[in-house]
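Asks: Next up is a structure, given as structure tokens.
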Amino acid sequence: MLTQAQQRPRDWIADAHAIAADIAPLAGRHDAEECFVAEGYARLKAAGFFKALVPEHLGGGGAEFADIFGAIRVLGAACGSTALAFSMHTHLVAAAAWRLAHQNAPTEGLLRRVAAEDLILVSSGGSDWLDSGGVAEKAEGGFHITARKPFSSGCEMGDLLMTSAVHDDPEAGPTVLHFGVPLNAPGVSIEATWQVMGMRGTASNDIVLDHVFVPDAGIAGRRPKGKWHMLFHTISMIAFASIYSAYMGVADGARRRALEIAGKRPADGDLIRLAGEMENAHLRAELAMREMVELATNGQPGPETTGRALACRTLVGEAAIATVERAMELAGGSSFYRKNGLERAFRDIQGARFHPLREGPQLTLAGRLALGLDIDG
């Protein structure tokens, strides 16, 4: 018979708090030296976080989406780079688990490998999106892939790149092929291009594929180039709740630090007003974040869900940026000192602007949905 402790579900968020406490003192060094957050990744791996969302019967942790997204948020308050890099792996596993459970998609093999081999997945989706990038040339028994994949977060400790390339199919026309490539495969290399404003510890370097062979059996999916597809509706429903949990965490951390600093100063009218503005911005982000997690947990993929998830992505991004800006004003001149962490939070939070769909295309999608127009128009 199982003991009460064995029956109790694992508290992933409590475990994330313990890891966050250990990596928080290292965040400034990773930022200053522009080096990968290897310690955070090692701690997450040792604690089973990389296989947390794999179902238990496949060897994983069987965690709920909300718990792991919440854990990402906890990590983001301590080290934005650790949280963001981990979120990229997380959304790939989450989508694979959801597709297996709800669409009977052929993702069981990948999920079993993630659990058994403790694989770390690397995403190229942010740079590919609907059009994808790179060329897939037909060869005997498969394809030769030539491509450059920027923004490949976590690639320094990654095992498998989940990516795509375009094949000029003589019958179907330009077709995006989806596949995984081991990062130690012949023809795969990493170029250290990640010299950036913020999120400096994510190692989001370029991965170069030079005539990398992918067998026909390794092609996991095909879709028309540049068109919305059910795969991307599923990704949109899930991925942004994972990714923007990291930015929400950065906003949480900045808010907390600003209140600590402001609490040591006389509470005059201006200080109180700035605190109120920060609180309103944080609540706006919080409400949109809750909706994103709810969609990822209980939504059904499709154009309407995609439109709502991407609108929340814009709202969380805007409000999280505003939260950090107000936090800096509330803390005053202290926020200008690197040792206080707020200027790093200010730089890290700017990354929320750049994930697809950016505000302009997102507004176009929202408008087309509202007007009943074809979203591929």
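The way I read the labels, and the way they are meant: chains A, B, ... in the order of the structure tokens, residue 1 as the first residue of every chain, and ligand 1 as the first ligand shown, with later ones counted on from there.
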If you run DSSP on the backbone here, which positions in stretch 52-270 of chain A get strand (DSSP E or B)? Please write them as a VMD selection string.
Replies: chain A and resid 121 to 123 135 to 139 142 to 152 160 to 169 173 to 182 188 to 191 205 to 215 219 to 224
Asks: Using atom CA of A:Pro266 and atom CA of A:Ser335 as the two end points, give the distance in Å to one decimal.
Replies: 17.0 Å
Asks: What's the separation between atom CA of A:Ala203 and atom CA of A:Val122, in Å to one decimal place?
Replies: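 So the two atoms, atom CA of A:Ala203 and atom CA of A:Val122, lie 11.0 Å apart.
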Asks: Show me, as a list in words, the residues that have an atom within 9 Å of A:Met237 when counting only C-alpha atoms, minus same-chain residues fewer than 6 positions from it.
Replies: Ala95, Met292, Val293, Leu295, Ala296, Thr297, Gly299, Gln300, Pro301, Gly302, Thr305, Thr306, Arg308, Ala309 and Leu310 of chain A
Asks: Run DSSP on the backbone of this structure and report the residues of stretch 46-77 of chain A it assigns to alpha helix (DSSP H), as a list in words.
Replies: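 The alpha helix (DSSP H) subset of stretch 46-77 of chain A is Ala46, Phe65, Ala66, Asp67, Ile68, Phe69, Gly70, Ala71, Ile72, Arg73, Val74, Leu75, Gly76 and Ala77 of chain A.
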Asks: Those residues with N, CA, C and O atoms, as a PDB file, in the first residue's frame please?
Replies:
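Contents of out-v3.pdb, freshly written:
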```pdb
ATOM      1  N   ALA A  46      18.364  17.565 -13.017  1.00  0.00           N
ATOM      2  CA  ALA A  46      18.485  16.658 -11.870  1.00  0.00           C
ATOM      3  C   ALA A  46      17.163  16.486 -11.149  1.00  0.00           C
ATOM      4  O   ALA A  46      16.883  15.409 -10.590  1.00  0.00           O
ATOM      5  N   PHE A  65       0.019  21.103 -16.850  1.00  0.00           N
ATOM      6  CA  PHE A  65       0.558  22.283 -17.526  1.00  0.00           C
ATOM      7  C   PHE A  65       0.671  23.468 -16.564  1.00  0.00           C
ATOM      8  O   PHE A  65       1.695  24.149 -16.520  1.00  0.00           O
ATOM      9  N   ALA A  66      -0.389  23.720 -15.806  1.00  0.00           N
ATOM     10  CA  ALA A  66      -0.408  24.905 -14.938  1.00  0.00           C
ATOM     11  C   ALA A  66       0.721  24.868 -13.918  1.00  0.00           C
ATOM     12  O   ALA A  66       1.292  25.916 -13.569  1.00  0.00           O
ATOM     13  N   ASP A  67       1.062  23.677 -13.432  1.00  0.00           N
ATOM     14  CA  ASP A  67       2.136  23.572 -12.447  1.00  0.00           C
ATOM     15  C   ASP A  67       3.491  23.922 -13.053  1.00  0.00           C
ATOM     16  O   ASP A  67       4.304  24.627 -12.434  1.00  0.00           O
ATOM     17  N   ILE A  68       3.762  23.440 -14.254  1.00  0.00           N
ATOM     18  CA  ILE A  68       5.063  23.700 -14.862  1.00  0.00           C
ATOM     19  C   ILE A  68       5.143  25.129 -15.380  1.00  0.00           C
ATOM     20  O   ILE A  68       6.197  25.778 -15.280  1.00  0.00           O
ATOM     21  N   PHE A  69       4.050  25.659 -15.902  1.00  0.00           N
ATOM     22  CA  PHE A  69       4.058  27.075 -16.285  1.00  0.00           C
ATOM     23  C   PHE A  69       4.256  27.946 -15.042  1.00  0.00           C
ATOM     24  O   PHE A  69       4.962  28.962 -15.088  1.00  0.00           O
ATOM     25  N   GLY A  70       3.638  27.560 -13.935  1.00  0.00           N
ATOM     26  CA  GLY A  70       3.855  28.279 -12.684  1.00  0.00           C
ATOM     27  C   GLY A  70       5.294  28.181 -12.211  1.00  0.00           C
ATOM     28  O   GLY A  70       5.853  29.148 -11.680  1.00  0.00           O
ATOM     29  N   ALA A  71       5.906  27.021 -12.406  1.00  0.00           N
ATOM     30  CA  ALA A  71       7.317  26.851 -12.042  1.00  0.00           C
ATOM     31  C   ALA A  71       8.209  27.752 -12.900  1.00  0.00           C
ATOM     32  O   ALA A  71       9.179  28.339 -12.391  1.00  0.00           O
ATOM     33  N   ILE A  72       7.890  27.866 -14.181  1.00  0.00           N
ATOM     34  CA  ILE A  72       8.650  28.759 -15.065  1.00  0.00           C
ATOM     35  C   ILE A  72       8.559  30.194 -14.545  1.00  0.00           C
ATOM     36  O   ILE A  72       9.547  30.934 -14.530  1.00  0.00           O
ATOM     37  N   ARG A  73       7.378  30.573 -14.117  1.00  0.00           N
ATOM     38  CA  ARG A  73       7.188  31.932 -13.588  1.00  0.00           C
ATOM     39  C   ARG A  73       8.040  32.163 -12.343  1.00  0.00           C
ATOM     40  O   ARG A  73       8.656  33.223 -12.189  1.00  0.00           O
ATOM     41  N   VAL A  74       8.102  31.161 -11.464  1.00  0.00           N
ATOM     42  CA  VAL A  74       8.956  31.260 -10.263  1.00  0.00           C
ATOM     43  C   VAL A  74      10.414  31.424 -10.676  1.00  0.00           C
ATOM     44  O   VAL A  74      11.144  32.272 -10.127  1.00  0.00           O
ATOM     45  N   LEU A  75      10.857  30.640 -11.634  1.00  0.00           N
ATOM     46  CA  LEU A  75      12.240  30.735 -12.110  1.00  0.00           C
ATOM     47  C   LEU A  75      12.506  32.098 -12.738  1.00  0.00           C
ATOM     48  O   LEU A  75      13.592  32.665 -12.573  1.00  0.00           O
ATOM     49  N   GLY A  76      11.531  32.631 -13.466  1.00  0.00           N
ATOM     50  CA  GLY A  76      11.704  33.923 -14.134  1.00  0.00           C
ATOM     51  C   GLY A  76      11.961  35.057 -13.171  1.00  0.00           C
ATOM     52  O   GLY A  76      12.692  35.999 -13.490  1.00  0.00           O
ATOM     53  N   ALA A  77      11.363  34.990 -11.984  1.00  0.00           N
ATOM     54  CA  ALA A  77      11.601  36.033 -10.980  1.00  0.00           C
ATOM     55  C   ALA A  77      13.029  36.002 -10.467  1.00  0.00           C
ATOM     56  O   ALA A  77      13.554  37.016 -10.003  1.00  0.00           O
TER      57      ALA A  77
END
```
Asks: Within 12 Å of A:Ala42, counting only C-alpha atoms, which residues qualify if same-chain residues fewer than 5 places away don't, as a VMD selection string?
Replies: chain A and resid 19 22 to 23 36 to 37 47 to 50 82 86 118 120 154 156 to 158
Asks: Would you mind telling me which residue in A:Met197, A:Leu357, A:Ala220, A:Ile375 lies nearest to A:Phe240 when using only C-alpha atoms?
Replies: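 Nearest to A:Phe240: A:Leu357.
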Asks: Would you pick out the contacts of A:Gly61 at 10 Å or less, using only C-alpha atoms, so that residues sharing its chain but fewer than 6 positions from it are not included, and give the list as an MDAnalysis selection string?
Replies: chainID A and resid 10 12 48:55 115
Asks: Excluding same-chain residues fewer than 6 positions from A:Thr146, what lies within 7 Å of it counting only C-alpha atoms, as a ChimeraX atom specification?
Replies: /A:134-136,209-212
Asks: Write out, as a tab-separated table, each residue of stretch 200-244 of chain A that has an atom at most 10 Å from stretch 162-182 of chain A, together with the closest pair of atoms and their distance in Å to one decimal, counting only C-alpha atoms, rows going by chain and rising number.
Replies:
```
residue	atom	partner	partner_atom	distance
A:Leu209	CA	A:Val181	CA	9.2
A:Val212	CA	A:Val181	CA	8.4
A:Phe213	CA	A:Val181	CA	8.9
A:Val214	CA	A:Val181	CA	7.5
A:Pro215	CA	A:Phe179	CA	9.5
A:Asp216	CA	A:Phe179	CA	9.7
A:Ala217	CA	A:Phe179	CA	9.4
A:Gly218	CA	A:Phe179	CA	6.0
A:Ile219	CA	A:Phe179	CA	4.9
A:Ala220	CA	A:Phe179	CA	5.3
A:Gly221	CA	A:His178	CA	5.1
A:Arg222	CA	A:Leu177	CA	4.8
A:Arg223	CA	A:Val176	CA	5.3
A:Pro224	CA	A:Thr175	CA	4.7
A:Lys225	CA	A:Thr175	CA	5.3
A:Gly226	CA	A:Val176	CA	8.6
A:Lys227	CA	A:Val176	CA	10.0
```
Asks: How about saving the chosen residues, C-alpha atoms kept, as a tab-separated table (two decimals), in the first residue's frame?
Replies:
```tsv
chain	number	residue	atom	x	y	z
A	209	LEU	CA	22.39	22.76	-40.83
A	212	VAL	CA	22.05	17.37	-42.91
A	213	PHE	CA	20.38	14.11	-43.88
A	214	VAL	CA	16.91	13.40	-42.49
A	215	PRO	CA	15.39	10.04	-43.47
A	216	ASP	CA	11.85	9.83	-44.79
A	217	ALA	CA	10.83	8.11	-41.55
A	218	GLY	CA	12.10	11.13	-39.62
A	219	ILE	CA	9.60	13.52	-41.21
A	220	ALA	CA	7.00	14.03	-38.49
A	221	GLY	CA	4.63	16.27	-40.43
A	222	ARG	CA	3.97	18.16	-43.65
A	223	ARG	CA	1.94	21.30	-44.26
A	224	PRO	CA	1.53	24.01	-46.92
A	225	LYS	CA	3.99	26.87	-46.54
A	226	GLY	CA	2.64	30.09	-45.07
A	227	LYS	CA	-0.81	28.77	-44.20
```
Asks: Between atom CA of A:Ile243 and atom CA of A:His91, what distance in Å does the model show, to one decimal?
Replies: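 Computed distance, atom CA of A:Ile243 to atom CA of A:His91, equals 7.5 Å.
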Asks: Considering only C-alpha atoms, return as a PyMOL selection string whatever protein or nucleic-acid residues lie within 12 Å of A:Ser153, sequence-local ones (same chain, fewer than 4 positions apart) excluded.
Replies: chain A and resi 36-37+41+81-90+120-127+149+157-162+190+192-194+199-207+243
Asks: For A:Thr234, which residue among A:Ala254, A:Ala185, A:Leu274, A:Ala105 is the nearest when counting only C-alpha atoms?
Replies: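 Among A:Ala254, A:Ala185, A:Leu274, A:Ala105, it is A:Ala105 that comes nearest to A:Thr234.
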Asks: Counting only C-alpha atoms, which residue out of A:Leu183, A:Asp131, A:Glu64, A:Ala320 sits closest to A:Ala246?
Replies: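 Checking each of A:Leu183, A:Asp131, A:Glu64, A:Ala320 against A:Ala246, counting only C-alpha atoms, the winner is A:Ala320.
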Asks: Would you please work out which residue, of A:Lys339, A:Arg368, A:Lys138, A:Arg353, is nearest to A:Ile321 when using only C-alpha atoms?
Replies: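 Nearest to A:Ile321: A:Arg353.
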Asks: Pick the closest to A:Ser242 from A:Arg273, A:Arg313, A:Arg284, A:Arg255: which is it, counting only C-alpha atoms?
Replies: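 The closest residue to A:Ser242 is A:Arg313.
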Asks: Find the residue from A:Ile145, A:Asp374, A:Cys79, A:Pro186 that sits nearest to A:Ala38; use only C-alpha atoms when measuring.
Replies: A:Cys79
